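Listing of data.cif; format and content: mmCIF, C-alpha atoms.
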```
data_start
#
loop_
_atom_site.label_atom_id
_atom_site.label_comp_id
_atom_site.auth_asym_id
_atom_site.auth_seq_id
_atom_site.Cartn_x
_atom_site.Cartn_y
_atom_site.Cartn_z
CA MET A 1 -111.72 -90.64 -207.38
CA SER A 2 -112.71 -90.00 -210.96
CA SER A 3 -115.85 -88.03 -211.69
CA GLN A 4 -118.62 -89.10 -213.99
CA THR A 5 -121.01 -86.62 -215.59
CA PRO A 6 -124.60 -87.85 -215.23
CA SER A 7 -126.95 -87.81 -218.17
CA PRO A 8 -129.28 -84.81 -218.18
CA GLY A 9 -132.74 -85.14 -216.66
CA PRO A 10 -135.96 -84.42 -218.49
CA VAL A 11 -136.36 -80.87 -219.80
CA PRO A 12 -139.80 -79.49 -218.92
CA ALA A 13 -141.98 -77.70 -221.43
CA SER A 14 -143.86 -74.52 -220.70
CA SER A 15 -147.56 -74.11 -221.40
CA GLY A 16 -146.64 -72.78 -224.84
CA GLY A 17 -144.65 -75.90 -225.66
CA GLU A 18 -141.17 -74.33 -225.66
CA ARG A 19 -138.42 -75.88 -223.58
CA ARG A 20 -137.58 -74.13 -220.34
CA LYS A 21 -135.12 -74.57 -217.52
CA PRO A 22 -136.15 -76.97 -214.74
CA ARG A 23 -137.38 -75.11 -211.69
CA VAL A 24 -135.86 -76.08 -208.33
CA ALA A 25 -137.68 -75.32 -205.09
CA VAL A 26 -135.08 -75.12 -202.33
CA VAL A 27 -137.02 -75.81 -199.12
CA PHE A 28 -135.35 -75.01 -195.80
CA GLY A 29 -135.86 -73.98 -192.18
CA GLY A 30 -138.54 -76.03 -190.48
CA ARG A 31 -139.92 -76.73 -187.04
CA SER A 32 -136.99 -78.67 -185.60
CA SER A 33 -134.19 -77.45 -183.33
CA GLU A 34 -131.94 -77.58 -186.41
CA HIS A 35 -133.84 -74.72 -188.10
CA ALA A 36 -130.89 -72.34 -188.26
CA ILE A 37 -128.48 -74.96 -189.59
CA SER A 38 -130.97 -75.73 -192.34
CA VAL A 39 -131.03 -72.04 -193.31
CA VAL A 40 -127.22 -71.91 -193.43
CA THR A 41 -127.11 -75.05 -195.57
CA ALA A 42 -129.74 -73.74 -197.97
CA GLY A 43 -127.85 -70.48 -198.41
CA ALA A 44 -124.77 -72.38 -199.57
CA VAL A 45 -126.83 -74.45 -202.01
CA LEU A 46 -128.54 -71.35 -203.42
CA ARG A 47 -125.13 -69.84 -204.10
CA ALA A 48 -123.97 -73.00 -205.87
CA ILE A 49 -126.93 -73.83 -208.13
CA ASP A 50 -126.18 -73.12 -211.79
CA ARG A 51 -128.64 -70.34 -212.62
CA GLU A 52 -128.05 -70.80 -216.35
CA LYS A 53 -129.28 -74.37 -216.02
CA TYR A 54 -132.01 -74.05 -213.36
CA ASP A 55 -134.64 -71.58 -212.21
CA VAL A 56 -134.73 -71.37 -208.42
CA LEU A 57 -137.58 -70.78 -205.98
CA PRO A 58 -136.51 -70.39 -202.31
CA ILE A 59 -139.18 -71.52 -199.85
CA GLY A 60 -138.60 -71.24 -196.12
CA ILE A 61 -140.57 -73.01 -193.41
CA THR A 62 -140.87 -70.96 -190.23
CA THR A 63 -140.37 -72.37 -186.76
CA ASP A 64 -144.16 -72.61 -186.36
CA GLY A 65 -144.57 -74.46 -189.68
CA ARG A 66 -145.68 -71.71 -192.11
CA TRP A 67 -144.33 -72.10 -195.65
CA ALA A 68 -143.02 -68.68 -196.65
CA LEU A 69 -141.73 -67.13 -199.84
CA THR A 70 -138.25 -65.81 -199.11
CA ALA A 71 -135.85 -63.52 -200.88
CA ASP A 72 -133.15 -65.22 -202.95
CA GLU A 73 -130.37 -63.66 -200.87
CA PRO A 74 -127.89 -66.34 -199.75
CA GLU A 75 -125.62 -63.78 -198.10
CA ARG A 76 -128.30 -63.23 -195.42
CA MET A 77 -128.44 -66.94 -194.61
CA ALA A 78 -125.06 -67.38 -192.92
CA ILE A 79 -124.03 -67.38 -189.26
CA ALA A 80 -122.79 -63.85 -188.58
CA ASN A 81 -121.14 -62.75 -185.33
CA ARG A 82 -122.28 -66.03 -183.73
CA GLU A 83 -125.91 -65.09 -184.54
CA LEU A 84 -128.01 -67.80 -186.17
CA PRO A 85 -130.25 -66.99 -189.17
CA SER A 86 -133.98 -67.82 -189.40
CA VAL A 87 -136.71 -68.01 -192.03
CA GLU A 88 -138.71 -65.40 -190.11
CA ARG A 89 -136.03 -62.81 -190.92
CA LEU A 90 -135.91 -63.84 -194.59
CA ALA A 91 -139.64 -64.11 -195.34
CA GLU A 92 -141.02 -61.50 -197.73
CA SER A 93 -144.24 -61.32 -195.68
CA SER A 94 -145.11 -62.14 -192.09
CA GLU A 95 -148.48 -63.52 -193.16
CA GLY A 96 -148.14 -64.80 -196.73
CA SER A 97 -147.86 -68.53 -197.31
CA VAL A 98 -146.78 -70.90 -200.06
CA VAL A 99 -148.83 -73.96 -200.93
CA LEU A 100 -147.51 -76.97 -202.81
CA PRO A 101 -150.00 -78.91 -204.94
CA VAL A 102 -151.22 -82.29 -203.70
CA ASP A 103 -152.43 -83.34 -207.15
CA PRO A 104 -149.71 -85.34 -208.97
CA GLY A 105 -151.00 -83.91 -212.25
CA ASN A 106 -150.39 -80.33 -211.12
CA ARG A 107 -147.01 -79.00 -209.95
CA GLU A 108 -147.97 -75.32 -209.73
CA VAL A 109 -146.97 -73.57 -206.52
CA VAL A 110 -149.33 -70.88 -205.23
CA TYR A 111 -148.59 -67.94 -202.95
CA SER A 112 -151.34 -66.25 -200.97
CA GLU A 113 -151.74 -63.44 -198.48
CA PRO A 114 -154.83 -62.54 -196.42
CA GLY A 115 -157.25 -60.40 -198.43
CA ALA A 116 -155.34 -60.83 -201.70
CA VAL A 117 -155.90 -62.93 -204.79
CA PRO A 118 -153.64 -66.02 -204.73
CA LYS A 119 -150.63 -65.72 -207.03
CA ALA A 120 -149.37 -68.61 -209.13
CA LEU A 121 -145.58 -68.98 -208.90
CA GLY A 122 -145.31 -71.53 -211.69
CA ASP A 123 -144.56 -75.24 -211.81
CA VAL A 124 -141.87 -76.87 -209.69
CA ASP A 125 -139.94 -79.71 -211.34
CA VAL A 126 -137.79 -80.84 -208.41
CA VAL A 127 -137.49 -80.04 -204.71
CA PHE A 128 -134.16 -79.77 -202.91
CA PRO A 129 -135.21 -80.32 -199.27
CA MET A 130 -132.51 -78.80 -197.11
CA LEU A 131 -134.27 -79.49 -193.83
CA HIS A 132 -132.54 -81.16 -190.90
CA GLY A 133 -134.22 -83.05 -188.09
CA PRO A 134 -137.90 -83.85 -187.47
CA TYR A 135 -140.61 -82.49 -189.79
CA GLY A 136 -138.29 -82.49 -192.76
CA GLU A 137 -135.47 -85.04 -192.69
CA ASP A 138 -137.53 -87.79 -191.06
CA GLY A 139 -139.78 -88.82 -193.94
CA THR A 140 -142.63 -86.40 -193.25
CA LEU A 141 -141.73 -83.92 -196.01
CA GLN A 142 -140.77 -86.79 -198.29
CA GLY A 143 -144.26 -88.27 -197.84
CA LEU A 144 -145.84 -84.95 -198.80
CA LEU A 145 -143.71 -84.76 -201.92
CA GLU A 146 -144.62 -88.34 -202.84
CA LEU A 147 -148.31 -87.42 -202.56
CA SER A 148 -147.67 -84.36 -204.71
CA GLY A 149 -145.78 -86.35 -207.34
CA VAL A 150 -142.84 -83.94 -207.24
CA PRO A 151 -139.31 -85.42 -207.55
CA TYR A 152 -136.93 -84.50 -204.75
CA VAL A 153 -133.29 -84.81 -203.77
CA GLY A 154 -132.26 -87.45 -201.27
CA ALA A 155 -133.69 -90.40 -199.40
CA GLY A 156 -137.28 -91.56 -199.65
CA VAL A 157 -139.83 -91.93 -196.86
CA LEU A 158 -138.53 -95.16 -195.31
CA ALA A 159 -134.82 -94.34 -195.49
CA SER A 160 -135.44 -90.84 -194.13
CA ALA A 161 -137.39 -92.22 -191.17
CA VAL A 162 -134.78 -94.89 -190.45
CA GLY A 163 -131.97 -92.36 -190.77
CA MET A 164 -133.66 -90.06 -188.26
CA ASP A 165 -134.41 -92.64 -185.57
CA LYS A 166 -131.16 -93.78 -183.95
CA GLU A 167 -132.76 -96.86 -182.41
CA TYR A 168 -134.25 -98.27 -185.60
CA MET A 169 -131.20 -97.23 -187.58
CA LYS A 170 -129.10 -99.43 -185.33
CA ARG A 171 -131.63 -102.26 -185.56
CA VAL A 172 -131.43 -102.13 -189.37
CA PHE A 173 -127.64 -102.11 -189.30
CA ILE A 174 -127.53 -105.09 -186.94
CA SER A 175 -129.93 -107.03 -189.18
CA PHE A 176 -127.53 -106.47 -192.10
CA GLY A 177 -124.50 -107.54 -190.08
CA LEU A 178 -122.97 -104.09 -189.65
CA PRO A 179 -121.03 -103.49 -186.42
CA VAL A 180 -122.68 -101.11 -183.93
CA GLY A 181 -121.80 -100.09 -180.38
CA PRO A 182 -123.71 -101.05 -177.20
CA TYR A 183 -126.84 -99.00 -176.55
CA GLU A 184 -130.09 -98.87 -174.56
CA VAL A 185 -133.35 -97.06 -175.29
CA ILE A 186 -135.58 -95.22 -172.83
CA ARG A 187 -139.07 -95.09 -174.31
CA PRO A 188 -141.43 -92.26 -173.31
CA ARG A 189 -143.83 -94.44 -171.32
CA ALA A 190 -141.00 -96.13 -169.43
CA TRP A 191 -139.57 -92.82 -168.17
CA GLU A 192 -142.97 -91.29 -167.45
CA GLN A 193 -144.50 -94.29 -165.65
CA GLU A 194 -141.54 -96.24 -164.20
CA PRO A 195 -138.55 -93.90 -164.07
CA SER A 196 -136.83 -95.86 -161.28
CA ALA A 197 -136.87 -99.05 -163.36
CA ALA A 198 -135.58 -97.19 -166.43
CA ARG A 199 -132.87 -95.54 -164.34
CA ARG A 200 -131.83 -98.89 -162.83
CA ARG A 201 -131.58 -100.45 -166.30
CA ILE A 202 -129.26 -97.68 -167.50
CA VAL A 203 -127.08 -97.94 -164.39
CA GLU A 204 -126.78 -101.69 -164.98
CA PHE A 205 -125.86 -100.95 -168.60
CA ALA A 206 -123.12 -98.59 -167.36
CA GLU A 207 -121.86 -101.19 -164.89
CA GLU A 208 -121.44 -103.57 -167.82
CA HIS A 209 -119.92 -101.13 -170.33
CA GLY A 210 -118.47 -98.42 -168.08
CA TRP A 211 -118.97 -94.73 -167.47
CA PRO A 212 -119.20 -92.21 -169.05
CA LEU A 213 -122.30 -92.71 -171.18
CA PHE A 214 -123.75 -90.51 -173.91
CA VAL A 215 -127.45 -89.68 -173.51
CA LYS A 216 -129.11 -88.47 -176.70
CA PRO A 217 -132.50 -87.66 -178.19
CA ALA A 218 -133.33 -90.64 -180.40
CA ARG A 219 -134.59 -88.42 -183.23
CA ALA A 220 -132.55 -85.23 -183.41
CA GLY A 221 -129.32 -84.05 -184.97
CA SER A 222 -126.56 -81.43 -184.88
CA SER A 223 -125.66 -82.72 -181.39
CA PHE A 224 -128.67 -80.99 -179.81
CA GLY A 225 -129.72 -82.44 -176.46
CA ILE A 226 -126.65 -84.69 -176.05
CA SER A 227 -124.97 -85.04 -172.66
CA LYS A 228 -121.85 -86.87 -171.58
CA VAL A 229 -122.77 -88.49 -168.27
CA GLU A 230 -119.97 -89.35 -165.86
CA GLY A 231 -122.07 -91.10 -163.21
CA PRO A 232 -125.56 -91.92 -161.86
CA ALA A 233 -125.98 -88.51 -160.22
CA ASP A 234 -126.05 -86.78 -163.61
CA LEU A 235 -128.33 -89.27 -165.37
CA ASP A 236 -131.73 -87.72 -164.67
CA ALA A 237 -130.72 -84.25 -165.82
CA ALA A 238 -129.24 -85.70 -169.01
CA VAL A 239 -132.40 -87.67 -169.79
CA GLU A 240 -134.56 -84.60 -169.23
CA GLU A 241 -132.30 -82.53 -171.50
CA ALA A 242 -132.60 -85.15 -174.25
CA ARG A 243 -136.38 -85.31 -173.77
CA ARG A 244 -136.62 -81.57 -174.48
CA HIS A 245 -135.86 -82.55 -178.08
CA ASP A 246 -137.47 -85.98 -178.29
CA PRO A 247 -139.50 -88.04 -175.77
CA LYS A 248 -137.56 -91.16 -176.80
CA VAL A 249 -133.97 -91.27 -175.55
CA ILE A 250 -131.04 -93.43 -176.58
CA VAL A 251 -128.09 -94.16 -174.29
CA GLU A 252 -124.78 -95.21 -175.83
CA ALA A 253 -121.60 -96.59 -174.32
CA LEU A 254 -118.40 -94.62 -174.80
CA LEU A 255 -116.40 -96.02 -177.71
CA ARG A 256 -112.71 -95.30 -177.37
CA GLY A 257 -111.14 -94.54 -180.69
CA ARG A 258 -111.03 -92.11 -183.59
CA GLU A 259 -114.08 -90.47 -185.18
CA ILE A 260 -114.14 -91.17 -188.92
CA GLU A 261 -116.71 -89.98 -191.48
CA CYS A 262 -117.33 -91.06 -195.07
CA GLY A 263 -119.63 -89.63 -197.74
CA VAL A 264 -121.76 -91.69 -200.10
CA LEU A 265 -123.11 -90.31 -203.37
CA GLU A 266 -125.52 -92.02 -205.75
CA TYR A 267 -124.25 -92.41 -209.31
CA GLU A 268 -126.15 -93.91 -212.22
CA ASP A 269 -124.36 -97.23 -211.66
CA GLY A 270 -124.88 -97.23 -207.89
CA PRO A 271 -123.56 -95.55 -204.72
CA ARG A 272 -119.89 -94.65 -204.35
CA ALA A 273 -117.90 -93.62 -201.31
CA SER A 274 -115.72 -90.55 -200.92
CA VAL A 275 -112.35 -90.38 -199.26
CA PRO A 276 -112.95 -90.52 -195.49
CA ALA A 277 -112.35 -87.71 -193.01
CA GLU A 278 -111.36 -87.64 -189.36
CA ILE A 279 -112.85 -85.47 -186.62
CA PRO A 280 -110.00 -84.89 -184.16
CA PRO A 281 -110.67 -84.38 -180.44
CA VAL A 282 -111.77 -80.83 -179.62
CA SER A 283 -109.89 -79.77 -176.52
CA SER A 284 -112.27 -76.89 -175.70
CA HIS A 285 -115.36 -79.13 -175.76
CA ALA A 286 -116.34 -82.31 -173.92
CA PHE A 287 -117.28 -83.85 -177.28
CA TYR A 288 -118.09 -82.81 -180.86
CA ASP A 289 -121.15 -80.79 -179.87
CA PHE A 290 -123.19 -78.10 -181.64
CA GLU A 291 -120.85 -75.22 -180.82
CA ALA A 292 -117.79 -77.19 -181.88
CA LYS A 293 -119.45 -78.04 -185.21
CA TYR A 294 -121.05 -74.76 -186.17
CA ILE A 295 -120.00 -71.85 -183.97
CA ASP A 296 -116.32 -72.57 -183.36
CA ALA A 297 -116.15 -74.52 -186.66
CA ALA A 298 -113.83 -77.23 -185.40
CA ASP A 299 -111.85 -78.44 -188.39
CA GLY A 300 -111.79 -82.01 -189.65
CA ILE A 301 -108.89 -83.73 -191.41
CA VAL A 302 -109.58 -84.55 -195.07
CA PRO A 303 -108.53 -87.11 -196.12
CA ALA A 304 -108.27 -89.02 -192.87
CA PRO A 305 -104.77 -90.41 -192.13
CA LEU A 306 -105.72 -94.06 -192.60
CA SER A 307 -104.00 -96.99 -194.23
CA GLU A 308 -105.20 -98.16 -197.63
CA GLU A 309 -106.85 -101.15 -196.01
CA GLN A 310 -108.61 -98.99 -193.40
CA THR A 311 -109.80 -96.58 -196.11
CA ARG A 312 -111.15 -99.42 -198.21
CA ARG A 313 -112.92 -100.95 -195.21
CA VAL A 314 -114.67 -97.76 -194.09
CA GLN A 315 -115.76 -97.02 -197.67
CA GLU A 316 -117.23 -100.52 -197.94
CA LEU A 317 -119.09 -100.07 -194.66
CA ALA A 318 -120.42 -96.64 -195.70
CA VAL A 319 -121.86 -98.03 -198.94
CA ALA A 320 -123.25 -101.04 -197.06
CA ALA A 321 -125.02 -98.71 -194.61
CA PHE A 322 -126.43 -96.68 -197.52
CA GLU A 323 -127.83 -99.87 -199.06
CA ALA A 324 -129.06 -101.35 -195.77
CA ALA A 325 -131.27 -98.33 -195.09
CA SER A 326 -132.45 -98.15 -198.74
CA CYS A 327 -131.00 -94.65 -199.10
CA GLU A 328 -130.92 -92.54 -202.25
CA GLY A 329 -128.97 -89.49 -203.31
CA LEU A 330 -126.53 -88.93 -200.49
CA VAL A 331 -125.51 -90.02 -197.01
CA ARG A 332 -122.79 -89.17 -194.57
CA ALA A 333 -121.84 -92.22 -192.52
CA ASP A 334 -120.15 -91.70 -189.15
CA PHE A 335 -117.86 -94.31 -187.59
CA PHE A 336 -115.54 -94.98 -184.70
CA LEU A 337 -112.21 -96.62 -185.43
CA LEU A 338 -111.69 -98.45 -182.16
CA ASP A 339 -108.33 -98.93 -180.50
CA SER A 340 -108.72 -102.60 -181.48
CA GLY A 341 -108.66 -101.61 -185.16
CA GLU A 342 -112.35 -102.40 -185.76
CA PHE A 343 -114.73 -99.91 -187.37
CA VAL A 344 -118.10 -99.44 -185.66
CA ILE A 345 -120.83 -97.44 -187.36
CA ASN A 346 -122.37 -94.77 -185.17
CA GLU A 347 -125.04 -93.34 -187.49
CA ILE A 348 -125.93 -92.14 -190.97
CA ASN A 349 -127.21 -88.71 -191.89
CA THR A 350 -129.48 -88.64 -194.95
CA MET A 351 -129.23 -84.84 -195.30
CA PRO A 352 -125.87 -83.91 -193.79
CA GLY A 353 -124.52 -80.44 -193.26
CA PHE A 354 -123.99 -79.08 -196.74
CA THR A 355 -122.11 -75.82 -196.59
CA PRO A 356 -118.81 -75.74 -198.52
CA ILE A 357 -116.92 -76.16 -195.22
CA SER A 358 -119.12 -79.04 -194.02
CA MET A 359 -117.51 -82.44 -193.92
CA TYR A 360 -119.66 -84.07 -196.61
CA PRO A 361 -118.82 -81.56 -199.39
CA ARG A 362 -115.20 -81.39 -198.25
CA MET A 363 -114.83 -85.15 -198.56
CA TRP A 364 -116.23 -85.06 -202.08
CA GLN A 365 -114.09 -82.06 -203.00
CA GLU A 366 -111.07 -84.14 -202.04
CA SER A 367 -112.54 -87.00 -204.11
CA GLY A 368 -112.69 -84.86 -207.24
CA VAL A 369 -116.27 -83.54 -207.11
CA SER A 370 -116.54 -79.78 -206.58
CA TYR A 371 -119.31 -78.22 -204.51
CA PRO A 372 -121.32 -76.88 -207.50
CA GLU A 373 -120.87 -80.22 -209.29
CA LEU A 374 -122.08 -82.05 -206.20
CA VAL A 375 -125.26 -79.93 -206.08
CA ASP A 376 -125.81 -80.51 -209.80
CA ARG A 377 -125.34 -84.28 -209.51
CA LEU A 378 -127.97 -84.48 -206.79
CA LEU A 379 -130.48 -82.45 -208.81
CA GLU A 380 -129.82 -84.56 -211.90
CA ALA A 381 -130.34 -87.77 -209.94
CA ALA A 382 -133.63 -86.45 -208.53
CA LEU A 383 -134.88 -85.43 -211.98
CA ARG A 384 -134.09 -88.90 -213.33
CA ARG A 385 -135.95 -90.57 -210.51
CA SER A 386 -139.74 -90.75 -210.43
CA THR A 387 -141.76 -90.58 -207.22
CA GLY A 388 -143.76 -93.54 -205.97
CA LEU A 389 -142.80 -96.86 -204.40
CA ARG A 390 -139.11 -97.67 -204.96
#
```

Take the structure in the file and write it out as structure tokens.
Amino acid sequence: MSSQTPSPGPVPASSGGERRKPRVAVVFGGRSSEHAISVVTAGAVLRAIDREKYDVLPIGITTDGRWALTADEPERMAIANRELPSVERLAESSEGSVVLPVDPGNREVVYSEPGAVPKALGDVDVVFPMLHGPYGEDGTLQGLLELSGVPYVGAGVLASAVGMDKEYMKRVFISFGLPVGPYEVIRPRAWEQEPSAARRRIVEFAEEHGWPLFVKPARAGSSFGISKVEGPADLDAAVEEARRHDPKVIVEALLRGREIECGVLEYEDGPRASVPAEIPPVSSHAFYDFEAKYIDAADGIVPAPLSEEQTRRVQELAVAAFEAASCEGLVRADFFLLDSGEFVINEINTMPGFTPISMYPRMWQESGVSYPELVDRLLEAALRRSTGLR
């Protein structure tokens, strides 16, 4: 796929009137179970940002929600010896906090510590939110940035919320005519007040579509809380495991086929799809779970061994999913290629794993867009875009 260099975004002026480099706040960590993966992703982005073009301000959010000023040291943000990184280990102070402005006319970030005079860190021109999961990827952070009037990379409030909630994501896809697999939802009140009725409904679903089933948190990622359930005896434990991550649970039928992924990137003339990739079966894992993805780093096949017609079809569906959810910036769309030859969309991820070995950057690398160029394109798109209703 040919590359296209985007036009440069606006160049900010300093208080003295001279032109300066745009300042990027890379925000990462967060309160979700995907905290560590967010830190890893942010470290890769910090390494890739062109420092001659941008000033960079790393801001980490701790697991309890404190916004912390962190050292700009990407090498400390990787998984080392199977040990996951955290913002708490990177923060320059255990008590200091960073505050973003909520006045759209003021983009100055302030850092404060107890008993000290607050310190101005300067204006922020664009935010690169590298958070995964709830309290970051689900529209909450995007809403804060909209209130602040600060441009940011990626999907807006609605698309972020839809992309986080597997139930409503599927409902949107169905309304746009996209093929999805069979599923059921266990809402919090149903499991808490009438668990026997909820259990019976899922067993009836399995009798129709077959065992095993996949039981998942409706609003979580990185395969946290997912169980492969072989029969009724294992159902309760699987639901409780999913509910540790989200009180709403989604149950999906097993789809027999190949796992195919496709990246979508927003260009000035609209979204484009990358070459697709395939996630082969992982013999040492029951499914493509967290350890397979991040600890054992199971390798995908890029590009996927598909026919030209299959490649064209999955690219069309990926772009259609991007548009259906009103996404912006980037999306990774995940599919099953069924034994029947039909593609079924499983989900989209509005802020996918973004290390150089993650599938989304690898697909774009194979499509002719290098990792640093990919980061730059996303920042340029965010700088071109204004906040507010879209």

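Distance annotation: of A:Val275, A:Val251, A:Leu306, A:Val39, the residue with the minimal separation from Pro361 of chain A is A:Val275; atom set is all atoms listed in the file.
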
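Nearest-residue note for Glu83 of chain A: choosing from A:Ile301, A:Ile37, A:Glu259, A:Val24, the minimum distance belongs to A:Ile37, counting all atoms listed in the file.
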
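Closest to Pro372 of chain A among A:Val98, A:Ile49, A:Met77, A:Val302 is A:Ile49, based on all atoms listed in the file.
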
Residue IDs satisfying the PyMOL selection byres ((chain A and resi 99) around 9), as a PyMOL selection string: chain A and resi 67-68+97-98+100-101+108-112

Given the choices A:Ser307, A:Ser86, A:Ser367, A:Ser160, which gets closest to Asn349 of chain A if the distance is worked out from only C-alpha atoms? A:Ser160

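Atom pair atom CA of Gly43 of chain A / atom CA of Val126 of chain A has a distance of 17.5 Å (rounded to one decimal).
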
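Here atom CA of Ser370 of chain A stands at a distance of 13.6 Å from atom CA of Gly263 of chain A.
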
Which residues fall under the PyMOL selection byres ((chain A and resi 273) around 9) in this file, as a ChimeraX atom specification? /A:262-266,271-272,274-276,314-316,318-319,364,367

Step by step, work through what the PyMOL selection byres ((chain A and resi 164-176) around 7) selects in the shown file, and finish by giving those residues as a PyMOL selection string. chain A and resi 137-138+160-163+177-180+218-220+250+321+324-325

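Distance check against Tyr360 of chain A using only C-alpha atoms: of A:Ala277, A:Ala36, A:Leu337, A:Ala159, the minimum falls on A:Ala277.
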
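Closest approach to Lys53 of chain A among A:Pro22, A:Pro188, A:Gly210, A:Gly65 is made by A:Pro22 (distances from all atoms listed in the file).
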
Long-range neighbours of Glu88 of chain A as a list in words, 9 Å cut-off, all atoms listed in the file, 6 positions minimum in chain: Gly60, Ile61, Thr62, Thr63, Ala68 and Ser94 of chain A

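Across the structure, atom CA of Glu261 of chain A and atom CA of Phe335 of chain A are spaced 5.9 Å apart.
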
Who sits within 10 Å of Ala238 of chain A, all atoms listed in the file, same chain under 6 positions skipped, as a PyMOL selection string: chain A and resi 214-217+225-229+249

Excluding same-chain residues fewer than 3 positions from Arg189 of chain A, what lies within 12 Å of it counting all atoms listed in the file, as a PyMOL selection string? chain A and resi 185-186+192-195+197-198+247-249

Export, as a compact mmCIF listing (two decimals), in the coordinates of the input, the selected residues with C-alpha atoms.
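Full text of selection.txt as output:
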```txt
# COMPACT_ATOMS: atom_id res chain seq x y z
CA VAL A 185 -133.35 -97.06 -175.29
CA ILE A 186 -135.58 -95.22 -172.83
CA GLU A 192 -142.97 -91.29 -167.45
CA GLN A 193 -144.50 -94.29 -165.65
CA GLU A 194 -141.54 -96.24 -164.20
CA PRO A 195 -138.55 -93.90 -164.07
CA ALA A 197 -136.87 -99.05 -163.36
CA ALA A 198 -135.58 -97.19 -166.43
CA PRO A 247 -139.50 -88.04 -175.77
CA LYS A 248 -137.56 -91.16 -176.80
CA VAL A 249 -133.97 -91.27 -175.55
```

Adding 8 Å on each side of the box along x, y and z that holds all listed atoms of segment 369-378 of chain A, could you give its centre and edge lengths in Å to one decimal, as lines of an AutoDock Vina configuration file?
```
center_x = -122.1
center_y = -80.7
center_z = -207.2
size_x = 27.7
size_y = 23.6
size_z = 21.3
```

Residue contacts of Tyr152 of chain A (6 Å, only C-alpha atoms) excluding same-chain residues fewer than 2 positions away, as a ChimeraX atom specification: /A:126-128,382
